[in-house]
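Colleague: What follows is run-v2.pdb, made up of PDB, C-alpha atoms and all ligand atoms:
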```
MODEL        1
ATOM      1  CA  MET L   1      21.502  16.530  17.122
ATOM      2  CA  PRO L   2      22.234  17.118  13.410
ATOM      3  CA  PRO L   3      19.527  18.475  11.087
ATOM      4  CA  PHE L   4      17.394  15.608   9.815
ATOM      5  CA  SER L   5      18.553  13.786   6.702
ATOM      6  CA  SER L   6      16.834  10.698   5.357
ATOM      7  CA  GLY L   7      18.481   7.347   5.873
ATOM      8  CA  GLN L   8      19.810   8.437   9.259
ATOM      9  CA  SER L   9      20.778   5.472  11.376
ATOM     10  CA  GLY L  10      21.394   4.873  15.022
ATOM     11  CA  SER L  11      24.245   6.069  17.109
ATOM     12  CA  SER L  12      24.640   2.986  19.250
ATOM     13  CA  SER L  13      25.802  -0.302  17.817
ATOM     14  CA  CYS L  14      23.491  -2.596  19.758
ATOM     15  CA  VAL L  15      20.419  -0.638  18.859
ATOM     16  CA  SER L  16      21.415  -0.145  15.237
ATOM     17  CA  VAL L  17      21.283  -3.939  14.946
ATOM     18  CA  LEU L  18      17.739  -3.671  16.224
ATOM     19  CA  ALA L  19      17.059  -0.957  13.691
ATOM     20  CA  SER L  20      18.567  -2.729  10.715
ATOM     21  CA  ILE L  21      16.693  -5.945  11.365
ATOM     22  CA  ALA L  22      13.516  -4.032  11.945
ATOM     23  CA  LYS L  23      14.029  -2.424   8.537
ATOM     24  CA  SER L  24      14.581  -5.633   6.632
ATOM     25  CA  GLY L  25      11.886  -6.610   4.190
ATOM     26  CA  LEU L  26       9.956  -3.371   4.494
ATOM     27  CA  LYS L  27       9.008  -1.298   1.517
ATOM     28  CA  GLU L  28      10.654   2.077   0.855
ATOM     29  CA  GLY L  29       8.674   4.880   2.458
ATOM     30  CA  SER L  30       7.288   2.702   5.204
ATOM     31  CA  PHE L  31       7.536   3.722   8.866
ATOM     32  CA  SER L  32      10.496   1.449   9.525
ATOM     33  CA  CYS L  33      12.615   2.961   6.738
ATOM     34  CA  LYS L  34      13.489   5.950   8.910
ATOM     35  CA  ILE L  35      14.669   4.607  12.218
ATOM     36  CA  VAL L  36      16.837   6.529  14.646
ATOM     37  CA  SER L  37      18.115   4.271  17.375
ATOM     38  CA  GLU L  38      19.732   5.417  20.576
ATOM     39  CA  ASP L  39      21.248   3.751  23.577
ATOM     40  CA  GLU L  40      20.063   6.187  26.251
ATOM     41  CA  VAL L  41      17.824   9.227  26.000
ATOM     42  CA  ASP L  42      15.732  11.276  28.406
ATOM     43  CA  SER L  43      12.559  10.330  26.555
ATOM     44  CA  THR L  44      12.105   9.018  23.002
ATOM     45  CA  ASN L  45       9.110  11.367  22.706
ATOM     46  CA  ASP L  46      11.426  14.346  23.344
ATOM     47  CA  VAL L  47      13.900  13.140  20.720
ATOM     48  CA  ALA L  48      11.042  12.588  18.268
ATOM     49  CA  ARG L  49       9.724  16.103  18.924
ATOM     50  CA  GLU L  50      13.155  17.598  18.219
ATOM     51  CA  TYR L  51      13.384  15.633  14.978
ATOM     52  CA  ALA L  52       9.854  16.613  13.995
ATOM     53  CA  GLU L  53      10.677  20.275  14.563
ATOM     54  CA  LYS L  54      13.721  19.927  12.316
ATOM     55  CA  GLY L  55      11.505  18.600   9.525
ATOM     56  CA  ALA L  56      11.826  14.828   9.910
ATOM     57  CA  PRO L  57       9.226  13.149   7.693
ATOM     58  CA  GLU L  58       6.173  11.265   8.760
ATOM     59  CA  GLY L  59       7.026   7.718   9.741
ATOM     60  CA  THR L  60      10.326   8.571  11.427
ATOM     61  CA  VAL L  61      10.797   6.225  14.384
ATOM     62  CA  ILE L  62      12.953   6.756  17.473
ATOM     63  CA  LEU L  63      13.972   3.668  19.454
ATOM     64  CA  ALA L  64      15.958   3.568  22.675
ATOM     65  CA  GLN L  65      17.277   0.942  25.030
ATOM     66  CA  TYR L  66      16.802   3.156  28.079
ATOM     67  CA  GLN L  67      15.037   6.359  29.057
ATOM     68  CA  ARG L  68      16.346   8.478  31.898
ATOM     69  CA  GLN L  69      13.043  10.347  32.138
ATOM     70  CA  GLY L  70      10.425   8.219  30.405
ATOM     71  CA  ARG L  71       7.016   9.845  30.603
ATOM     72  CA  GLY L  72       3.471   8.559  30.883
ATOM     73  CA  ARG L  73       0.161  10.372  30.772
ATOM     74  CA  MET L  74      -0.827  12.848  33.463
ATOM     75  CA  MET L  75       2.807  13.741  34.283
ATOM     76  CA  ARG L  76       3.513  10.187  35.473
ATOM     77  CA  SER L  77       6.870   8.555  34.876
ATOM     78  CA  TRP L  78       7.439   5.470  32.697
ATOM     79  CA  SER L  79      10.107   3.208  34.040
ATOM     80  CA  SER L  80      11.725   0.441  32.003
ATOM     81  CA  PRO L  81      14.954  -1.499  32.732
ATOM     82  CA  LYS L  82      17.720  -1.080  30.160
ATOM     83  CA  GLY L  83      17.626  -3.265  27.042
ATOM     84  CA  LYS L  84      14.556  -5.288  27.990
ATOM     85  CA  ASN L  85      11.485  -3.623  26.531
ATOM     86  CA  ILE L  86      10.338  -1.636  23.512
ATOM     87  CA  LEU L  87      10.569   2.140  23.891
ATOM     88  CA  LEU L  88       9.478   3.708  20.640
ATOM     89  CA  SER L  89       8.244   7.053  19.346
ATOM     90  CA  LEU L  90       6.739   7.585  15.912
ATOM     91  CA  ILE L  91       6.381  10.940  14.147
ATOM     92  CA  LEU L  92       3.078  11.420  12.311
ATOM     93  CA  ARG L  93       1.810  14.367  10.296
ATOM     94  CA  PRO L  94      -1.853  13.408   9.961
ATOM     95  CA  SER L  95      -4.437  15.319   7.988
ATOM     96  CA  LEU L  96      -6.758  15.547  10.976
ATOM     97  CA  ARG L  97      -8.534  18.459  12.590
ATOM     98  CA  LEU L  98      -7.340  19.364  16.100
ATOM     99  CA  GLU L  99     -10.435  17.880  17.703
ATOM    100  CA  GLU L 100      -9.835  14.569  15.903
ATOM    101  CA  VAL L 101      -6.272  14.026  17.117
ATOM    102  CA  SER L 102      -7.420  11.752  19.943
ATOM    103  CA  LEU L 103      -8.178   9.222  17.181
ATOM    104  CA  ILE L 104      -4.418   8.709  16.954
ATOM    105  CA  THR L 105      -4.527   7.276  20.475
ATOM    106  CA  VAL L 106      -7.437   5.039  19.467
ATOM    107  CA  MET L 107      -5.511   3.906  16.388
ATOM    108  CA  SER L 108      -2.322   3.186  18.366
ATOM    109  CA  SER L 109      -3.998   1.290  21.170
ATOM    110  CA  VAL L 110      -6.030  -0.766  18.678
ATOM    111  CA  THR L 111      -2.779  -1.651  16.890
ATOM    112  CA  VAL L 112      -0.867  -2.681  20.018
ATOM    113  CA  ALA L 113      -3.778  -4.708  21.443
ATOM    114  CA  SER L 114      -4.428  -6.442  18.076
ATOM    115  CA  LEU L 115      -0.766  -7.306  17.720
ATOM    116  CA  LEU L 116      -0.699  -8.857  21.185
ATOM    117  CA  ARG L 117      -3.859 -10.835  20.395
ATOM    118  CA  GLU L 118      -2.182 -12.134  17.220
ATOM    119  CA  GLU L 119       0.723 -13.245  19.376
ATOM    120  CA  GLY L 120      -1.695 -15.216  21.555
ATOM    121  CA  PHE L 121      -2.271 -12.825  24.482
ATOM    122  CA  HIS L 122      -5.750 -11.903  25.657
ATOM    123  CA  ALA L 123      -5.027  -8.181  25.513
ATOM    124  CA  PHE L 124      -7.533  -5.427  26.298
ATOM    125  CA  ILE L 125      -7.517  -1.667  25.880
ATOM    126  CA  LYS L 126      -8.260   0.288  29.013
ATOM    127  CA  TRP L 127      -9.279   3.705  27.688
ATOM    128  CA  PRO L 128      -7.606   5.700  26.487
ATOM    129  CA  ASN L 129      -4.178   4.196  26.128
ATOM    130  CA  ASP L 130      -3.399   1.361  28.511
ATOM    131  CA  ILE L 131      -3.027  -2.204  27.314
ATOM    132  CA  TYR L 132      -3.759  -4.917  29.870
ATOM    133  CA  VAL L 133      -3.278  -8.688  29.864
ATOM    134  CA  GLU L 134      -4.499 -10.845  32.747
ATOM    135  CA  GLY L 135      -5.386  -7.749  34.768
ATOM    136  CA  LYS L 136      -1.924  -6.166  34.554
ATOM    137  CA  LYS L 137      -0.540  -3.360  32.421
ATOM    138  CA  VAL L 138       1.743  -4.541  29.637
ATOM    139  CA  ALA L 139       1.904  -1.404  27.465
ATOM    140  CA  GLY L 140       1.171   2.304  27.543
ATOM    141  CA  ILE L 141       0.860   4.944  24.853
ATOM    142  CA  LEU L 142       1.603   8.641  25.170
ATOM    143  CA  THR L 143       0.376  10.807  22.299
ATOM    144  CA  GLU L 144       1.721  14.363  22.132
ATOM    145  CA  MET L 145       0.793  16.962  19.538
ATOM    146  CA  LYS L 146       2.063  20.254  18.192
ATOM    147  CA  SER L 147      -0.365  22.609  16.513
ATOM    148  CA  GLU L 148      -0.098  26.050  14.959
ATOM    149  CA  LYS L 149      -2.960  28.311  13.939
ATOM    150  CA  ASN L 150      -5.490  25.554  14.544
ATOM    151  CA  GLU L 151      -3.544  23.130  12.359
ATOM    152  CA  VAL L 152      -1.872  19.901  13.447
ATOM    153  CA  LYS L 153       1.885  20.180  12.732
ATOM    154  CA  HIS L 154       2.897  16.808  14.057
ATOM    155  CA  VAL L 155       1.826  14.090  16.469
ATOM    156  CA  ILE L 156       4.291  11.945  18.397
ATOM    157  CA  VAL L 157       3.056   8.480  19.322
ATOM    158  CA  GLY L 158       5.170   7.100  22.175
ATOM    159  CA  ILE L 159       4.763   3.396  22.866
ATOM    160  CA  GLY L 160       6.195   1.538  25.825
ATOM    161  CA  LEU L 161       5.729  -2.243  25.527
ATOM    162  CA  ASN L 162       7.027  -4.470  28.307
ATOM    163  CA  VAL L 163       8.696  -7.383  26.545
ATOM    164  CA  ASN L 164      11.465  -9.149  28.452
ATOM    165  CA  MET L 165      11.541  -7.463  31.846
ATOM    166  CA  ASP L 166      10.596  -9.011  35.138
ATOM    167  CA  SER L 167       8.363  -6.939  37.368
ATOM    168  CA  SER L 168      11.036  -7.113  40.098
ATOM    169  CA  GLU L 169      13.070  -4.744  37.879
ATOM    170  CA  CYS L 170      10.377  -2.074  38.246
ATOM    171  CA  PRO L 171       9.856   0.396  41.091
ATOM    172  CA  GLU L 172       8.266  -1.374  44.055
ATOM    173  CA  ASP L 173       5.021   0.590  43.981
ATOM    174  CA  ILE L 174       4.074  -0.747  40.520
ATOM    175  CA  GLN L 175       5.494  -4.283  40.699
ATOM    176  CA  LYS L 176       2.093  -5.863  41.377
ATOM    177  CA  THR L 177       0.297  -4.004  38.607
ATOM    178  CA  VAL L 178       2.652  -4.520  35.649
ATOM    179  CA  THR L 179       3.572  -7.470  33.505
ATOM    180  CA  SER L 180       5.588  -8.289  30.382
ATOM    181  CA  LEU L 181       5.308 -10.689  27.451
ATOM    182  CA  ALA L 182       8.093 -12.821  28.963
ATOM    183  CA  MET L 183       6.364 -12.977  32.337
ATOM    184  CA  LEU L 184       3.092 -13.963  30.677
ATOM    185  CA  SER L 185       4.518 -16.526  28.269
ATOM    186  CA  GLY L 186       7.432 -17.911  30.256
ATOM    187  CA  HIS L 187       9.993 -17.238  27.510
ATOM    188  CA  LEU L 188      12.007 -14.318  26.135
ATOM    189  CA  TRP L 189      10.906 -12.490  22.976
ATOM    190  CA  ASP L 190      12.893 -11.138  20.036
ATOM    191  CA  ARG L 191      12.329  -7.394  20.257
ATOM    192  CA  THR L 192      13.445  -6.751  16.684
ATOM    193  CA  VAL L 193      10.741  -9.026  15.303
ATOM    194  CA  LEU L 194       8.140  -7.345  17.507
ATOM    195  CA  VAL L 195       9.268  -3.829  16.523
ATOM    196  CA  ARG L 196       9.065  -4.749  12.863
ATOM    197  CA  GLU L 197       5.576  -6.248  13.270
ATOM    198  CA  LEU L 198       4.415  -3.299  15.364
ATOM    199  CA  LEU L 199       5.555  -0.778  12.749
ATOM    200  CA  LEU L 200       3.954  -2.747   9.901
ATOM    201  CA  GLN L 201       0.665  -2.921  11.798
ATOM    202  CA  LEU L 202       0.802   0.744  12.801
ATOM    203  CA  GLU L 203       1.260   1.694   9.189
ATOM    204  CA  LYS L 204      -1.779  -0.347   8.150
ATOM    205  CA  THR L 205      -4.012   1.045  10.886
ATOM    206  CA  TYR L 206      -2.804   4.578  10.129
ATOM    207  CA  GLU L 207      -3.894   4.090   6.535
ATOM    208  CA  HIS L 208      -7.440   3.435   7.797
ATOM    209  CA  LEU L 209      -7.257   6.691   9.727
ATOM    210  CA  GLN L 210      -5.921   8.683   6.784
ATOM    211  CA  ASN L 211      -8.709   7.187   4.619
ATOM    212  CA  GLN L 212     -11.171   8.444   7.219
ATOM    213  CA  GLU L 213     -12.371   4.916   7.982
ATOM    214  CA  TYR L 214     -13.199   6.021  11.490
ATOM    215  CA  ASP L 215     -16.070   3.536  11.924
ATOM    216  CA  PHE L 216     -13.682   0.660  11.288
ATOM    217  CA  LEU L 217     -11.245   1.942  13.925
ATOM    218  CA  LEU L 218     -13.945   2.631  16.476
ATOM    219  CA  SER L 219     -15.494  -0.803  16.026
ATOM    220  CA  GLN L 220     -12.055  -2.337  16.526
ATOM    221  CA  TRP L 221     -11.677  -0.205  19.628
ATOM    222  CA  SER L 222     -14.994  -1.457  21.011
ATOM    223  CA  ARG L 223     -14.035  -5.062  20.233
ATOM    224  CA  LEU L 224     -10.737  -4.722  22.105
ATOM    225  CA  SER L 225     -11.933  -2.496  24.884
ATOM    226  CA  SER L 226     -12.266  -3.800  28.406
ATOM    227  CA  LEU L 227     -14.628  -1.001  29.371
ATOM    228  CA  VAL L 228     -17.702  -1.253  27.151
ATOM    229  CA  GLY L 229     -20.735  -2.108  29.283
ATOM    230  CA  HIS L 230     -18.920  -1.591  32.585
ATOM    231  CA  TRP L 231     -19.974   0.781  35.339
ATOM    232  CA  VAL L 232     -16.921   3.026  35.784
ATOM    233  CA  GLU L 233     -15.628   6.117  37.496
ATOM    234  CA  VAL L 234     -13.879   8.740  35.342
ATOM    235  CA  LYS L 235     -11.580  11.103  37.230
ATOM    236  CA  VAL L 236     -10.508  14.377  35.637
ATOM    237  CA  SER L 237      -8.308  16.470  37.942
ATOM    238  CA  ASP L 238     -10.241  16.406  41.228
ATOM    239  CA  LYS L 239     -13.671  15.725  39.740
ATOM    240  CA  LYS L 240     -15.288  12.298  39.402
ATOM    241  CA  TRP L 241     -18.140  11.011  37.251
ATOM    242  CA  GLU L 242     -19.797   7.587  37.246
ATOM    243  CA  GLY L 243     -21.677   5.815  34.485
ATOM    244  CA  THR L 244     -21.835   2.934  32.027
ATOM    245  CA  VAL L 245     -19.331   2.959  29.165
ATOM    246  CA  LEU L 246     -21.074   2.977  25.785
ATOM    247  CA  GLY L 247     -17.926   3.177  23.631
ATOM    248  CA  THR L 248     -16.152   6.080  21.973
ATOM    249  CA  ASP L 249     -17.484   8.817  19.719
ATOM    250  CA  ALA L 250     -16.108   9.841  16.308
ATOM    251  CA  LYS L 251     -13.284  11.780  18.002
ATOM    252  CA  GLY L 252     -12.188   8.947  20.283
ATOM    253  CA  ALA L 253     -13.851  10.454  23.376
ATOM    254  CA  LEU L 254     -15.159   7.998  25.974
ATOM    255  CA  LEU L 255     -18.968   7.991  26.090
ATOM    256  CA  LEU L 256     -20.529   7.466  29.487
ATOM    257  CA  ARG L 257     -24.256   6.996  30.132
ATOM    258  CA  ARG L 258     -24.921   8.635  33.472
ATOM    259  CA  GLU L 259     -27.728   7.697  35.820
ATOM    260  CA  GLY L 260     -30.857   9.169  34.306
ATOM    261  CA  GLY L 261     -29.689   8.458  30.758
ATOM    262  CA  PHE L 262     -27.642  11.606  30.126
ATOM    263  CA  ILE L 263     -24.619  10.875  27.914
ATOM    264  CA  GLU L 264     -21.302  12.578  28.653
ATOM    265  CA  ALA L 265     -18.112  12.517  26.501
ATOM    266  CA  PHE L 266     -14.584  12.571  27.987
ATOM    267  CA  LEU L 267     -11.496  13.303  25.930
ATOM    268  CA  SER L 268      -9.135  12.588  28.806
ATOM    269  CA  GLY L 269      -9.182  11.225  32.330
ATOM    270  CA  ASP L 270      -8.473   8.185  34.459
ATOM    271  CA  VAL L 271     -10.948   5.334  34.430
ATOM    272  CA  LYS L 272     -11.618   2.857  37.220
ATOM    273  CA  ILE L 273     -14.012  -0.063  36.800
ATOM    274  CA  LEU L 274     -16.467  -0.136  39.702
ATOM    275  CA  ASP L 275     -18.510  -3.244  38.940
ATOM    276  CA  ARG L 276     -17.508  -6.837  39.627
ATOM    277  CA  MET L 277     -15.864  -7.609  36.274
ATOM    278  CA  SER L 278     -12.496  -5.910  36.199
ATOM    279  CA  VAL L 279      -9.450  -5.756  33.885
TER
HETATM  280  C1  LIG N   1       1.162   5.743  29.948
HETATM  281  O1  LIG N   1       0.912   4.580  30.242
HETATM  282  O2  LIG N   1       0.759   6.679  30.649
HETATM  283  C2  LIG N   1       1.942   6.029  28.709
HETATM  284  C3  LIG N   1       3.335   5.474  28.729
HETATM  285  C4  LIG N   1       4.113   5.762  27.473
HETATM  286  C5  LIG N   1       5.556   5.321  27.564
HETATM  287  C6  LIG N   1       6.297   5.503  26.277
HETATM  288  S1  LIG N   1       7.881   4.746  26.295
HETATM  289  C7  LIG N   1       8.294   5.515  24.797
HETATM  290  C8  LIG N   1       7.754   6.924  24.866
HETATM  291  N1  LIG N   1       8.681   7.826  25.530
HETATM  292  C9  LIG N   1       8.190   8.283  26.687
HETATM  293  O3  LIG N   1       8.798   9.057  27.460
HETATM  294  N2  LIG N   1       6.974   7.788  26.901
HETATM  295  C10 LIG N   1       6.542   6.929  25.828
ENDMDL
END
```
Could you write out this structure as structure tokens?
Modeller:
Amino acid sequence: MPPFSSGQSGSSSCVSVLASIAKSGLKEGSFSCKIVSEDEVDSTNDVAREYAEKGAPEGTVILAQYQRQGRGRMMRSWSSPKGKNILLSLILRPSLRLEEVSLITVMSSVTVASLLREEGFHAFIKWPNDIYVEGKKVAGILTEMKSEKNEVKHVIVGIGLNVNMDSSECPEDIQKTVTSLAMLSGHLWDRTVLVRELLLQLEKTYEHLQNQEYDFLLSQWSRLSSLVGHWVEVKVSDKKWEGTVLGTDAKGALLLRREGGFIEAFLSGDVKILDRMSV
């Protein structure tokens, strides 16, 4: 990979079309002005990290048609058939304290869920980073950070949005739990238009974060969250906790009211809804 220079464009022709259309009509300095598009990579988050370490500016976006080793949270893999979905990583250099970085996940999931609602889907956020429609996962977000001496150097926001795939193209063990915009709507979607809209919306939501409008973001999160009010189980490593979800705190941690009224905050974990209403 060459050292980063601004205006860098993609290496593969089909994806550079995606990139150039995504760029059209966007103001200079916006997220979509610095798009690197690739045909195949191990993981767009890895490519983004390499670029970030070489000094790529905030707002640099990596797109790929296929990932050989796409990653999800908790060391899980993220599988996506070639050329069907959106696989995107965005480099951010936020002025946040280390303990506030989880707000980037809140911001990203609010953006993806809002965008899908605007497109007519009844999308929900399943804390911290899963987006569900009709009880199935349609998107996931993987936020990775580098810090030095207690300072955030960069944050990579990796977004996988299932657009035109059919679940039969996924590994068998997840076929029943995943969906895509095409499966939900019955027609194919233009990924370039969606990428462009996603980047525009991310930029707007990020502005709220940079302006420290945390209350706005957290109220959006509560509005879009499928968990508020539900009795859930939170699993962290081998330990499990149960309680009612109250929302998130100022750092994006999930707040759980345990039996007896004690409130516990979780910055990470896996959540399962235990009551009758489920995502
Ligand atoms: C999850 O659901 O656990 C998060 C999935 C995140 C997947 C995206 S696809 C683009 C980016 N590159 C990766 O390797 N992962 C993220």
Colleague: Around the point (-28.8, 8.7, 31.3) (coordinates from the file), which residues reach within 12 Å if we count only C-alpha atoms? Answer as number ranges by chain.
Modeller: L: 242-246, 255-264
Colleague: Counting only C-alpha atoms and all ligand atoms, name the residues that have an atom within 6 Å of an atom of ligand LIG 1 (chain N); the answer should be given as a list in words.
Modeller: Ser43, Thr44, Asn45, Gly70, Arg71, Gly72, Arg73, Trp78, Leu87, Leu88, Ser89, Asp130, Gly140, Ile141, Leu142, Gly158, Ile159 and Gly160 of chain L
Colleague: Could you write those residues out with C-alpha atoms, as a PDB file, in the coordinates of the input?
Modeller:
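The new file out-v8.pdb reads:
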```pdb
ATOM      1  CA  SER L  43      12.559  10.330  26.555  1.00  0.00           C
ATOM      2  CA  THR L  44      12.105   9.018  23.002  1.00  0.00           C
ATOM      3  CA  ASN L  45       9.110  11.367  22.706  1.00  0.00           C
ATOM      4  CA  GLY L  70      10.425   8.219  30.405  1.00  0.00           C
ATOM      5  CA  ARG L  71       7.016   9.845  30.603  1.00  0.00           C
ATOM      6  CA  GLY L  72       3.471   8.559  30.883  1.00  0.00           C
ATOM      7  CA  ARG L  73       0.161  10.372  30.772  1.00  0.00           C
ATOM      8  CA  TRP L  78       7.439   5.470  32.697  1.00  0.00           C
ATOM      9  CA  LEU L  87      10.569   2.140  23.891  1.00  0.00           C
ATOM     10  CA  LEU L  88       9.478   3.708  20.640  1.00  0.00           C
ATOM     11  CA  SER L  89       8.244   7.053  19.346  1.00  0.00           C
ATOM     12  CA  ASP L 130      -3.399   1.361  28.511  1.00  0.00           C
ATOM     13  CA  GLY L 140       1.171   2.304  27.543  1.00  0.00           C
ATOM     14  CA  ILE L 141       0.860   4.944  24.853  1.00  0.00           C
ATOM     15  CA  LEU L 142       1.603   8.641  25.170  1.00  0.00           C
ATOM     16  CA  GLY L 158       5.170   7.100  22.175  1.00  0.00           C
ATOM     17  CA  ILE L 159       4.763   3.396  22.866  1.00  0.00           C
ATOM     18  CA  GLY L 160       6.195   1.538  25.825  1.00  0.00           C
TER      19      GLY L 160
END
```
Colleague: Can you measure atom CA of Glu40 of chain L to atom CA of Gly83 of chain L for me? One decimal in Å is fine.
Modeller: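 Rounded to one decimal, the two atoms are 9.8 Å apart.
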Colleague: Excluding Gln65 of chain L and any residue of its chain fewer than 3 positions from it, enumerate the residues within 8 Å of it, using all atoms listed in the file, and give them as JSON, numbers by chain.
Modeller: {"L": [15, 38, 39, 40, 82, 83, 84, 85, 86, 87]}
Colleague: Output the residue selection produced by the PyMOL selection byres (((chain L and resi 271) around 6) and not hetatm) on the file above, formatted as a list of chain:residue names.
Modeller: L:Glu233, L:Val234, L:Asp270, L:Lys272
Colleague: Adding 6 Å on each side of the box along x, y and z that holds all listed atoms of segment 203-206 of chain L, could you give its centre and edge lengths in Å to one decimal, as lines of an AutoDock Vina configuration file?
Modeller:
```
center_x = -1.4
center_y = 2.1
center_z = 9.5
size_x = 17.3
size_y = 16.9
size_z = 14.7
```
Colleague: What separation in Å, quoted to one decimal, exists between atom CA of Ala182 of chain L and atom CA of Ala64 of chain L?
Modeller: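 Result for atom CA of Ala182 of chain L versus atom CA of Ala64 of chain L: 19.2 Å, one decimal.
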Colleague: List the spatial neighbours of segment 154-157 of chain L as an NGL selection string - criterion: any atom at most 8 Å away, all atoms listed in the file, same-chain residues fewer than 2 positions off excluded.
Modeller: :L and (45 or 48-49 or 52 or 89-94 or 104-105 or 108 or 141-147 or 152 or 159)
Colleague: Quick one: apply the PyMOL selection byres (((chain L and resi 133-135) around 10) and not hetatm) to the file and drop the selected residues here as a PyMOL selection string.
Modeller: chain L and resi 113+116-117+121-125+131-132+136-139+177-181+184+278-279
Colleague: Give me the residues within 9 Å of Val106 of chain L as a list in words, counting all atoms listed in the file and dropping any in the same chain fewer than 6 places off.
Modeller: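 Surrounding residues, per the criterion: Trp127, Pro128, Asn129, Leu217, Leu218, Trp221 and Gly252 of chain L.
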Colleague: Which residue out of L:Leu199, L:Val193, L:Met74, L:Val36 has the minimum interatomic distance to Ser237 of chain L when all atoms listed in the file are used?
Modeller: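 Ranked by minimum distance to Ser237 of chain L, first place goes to L:Met74.
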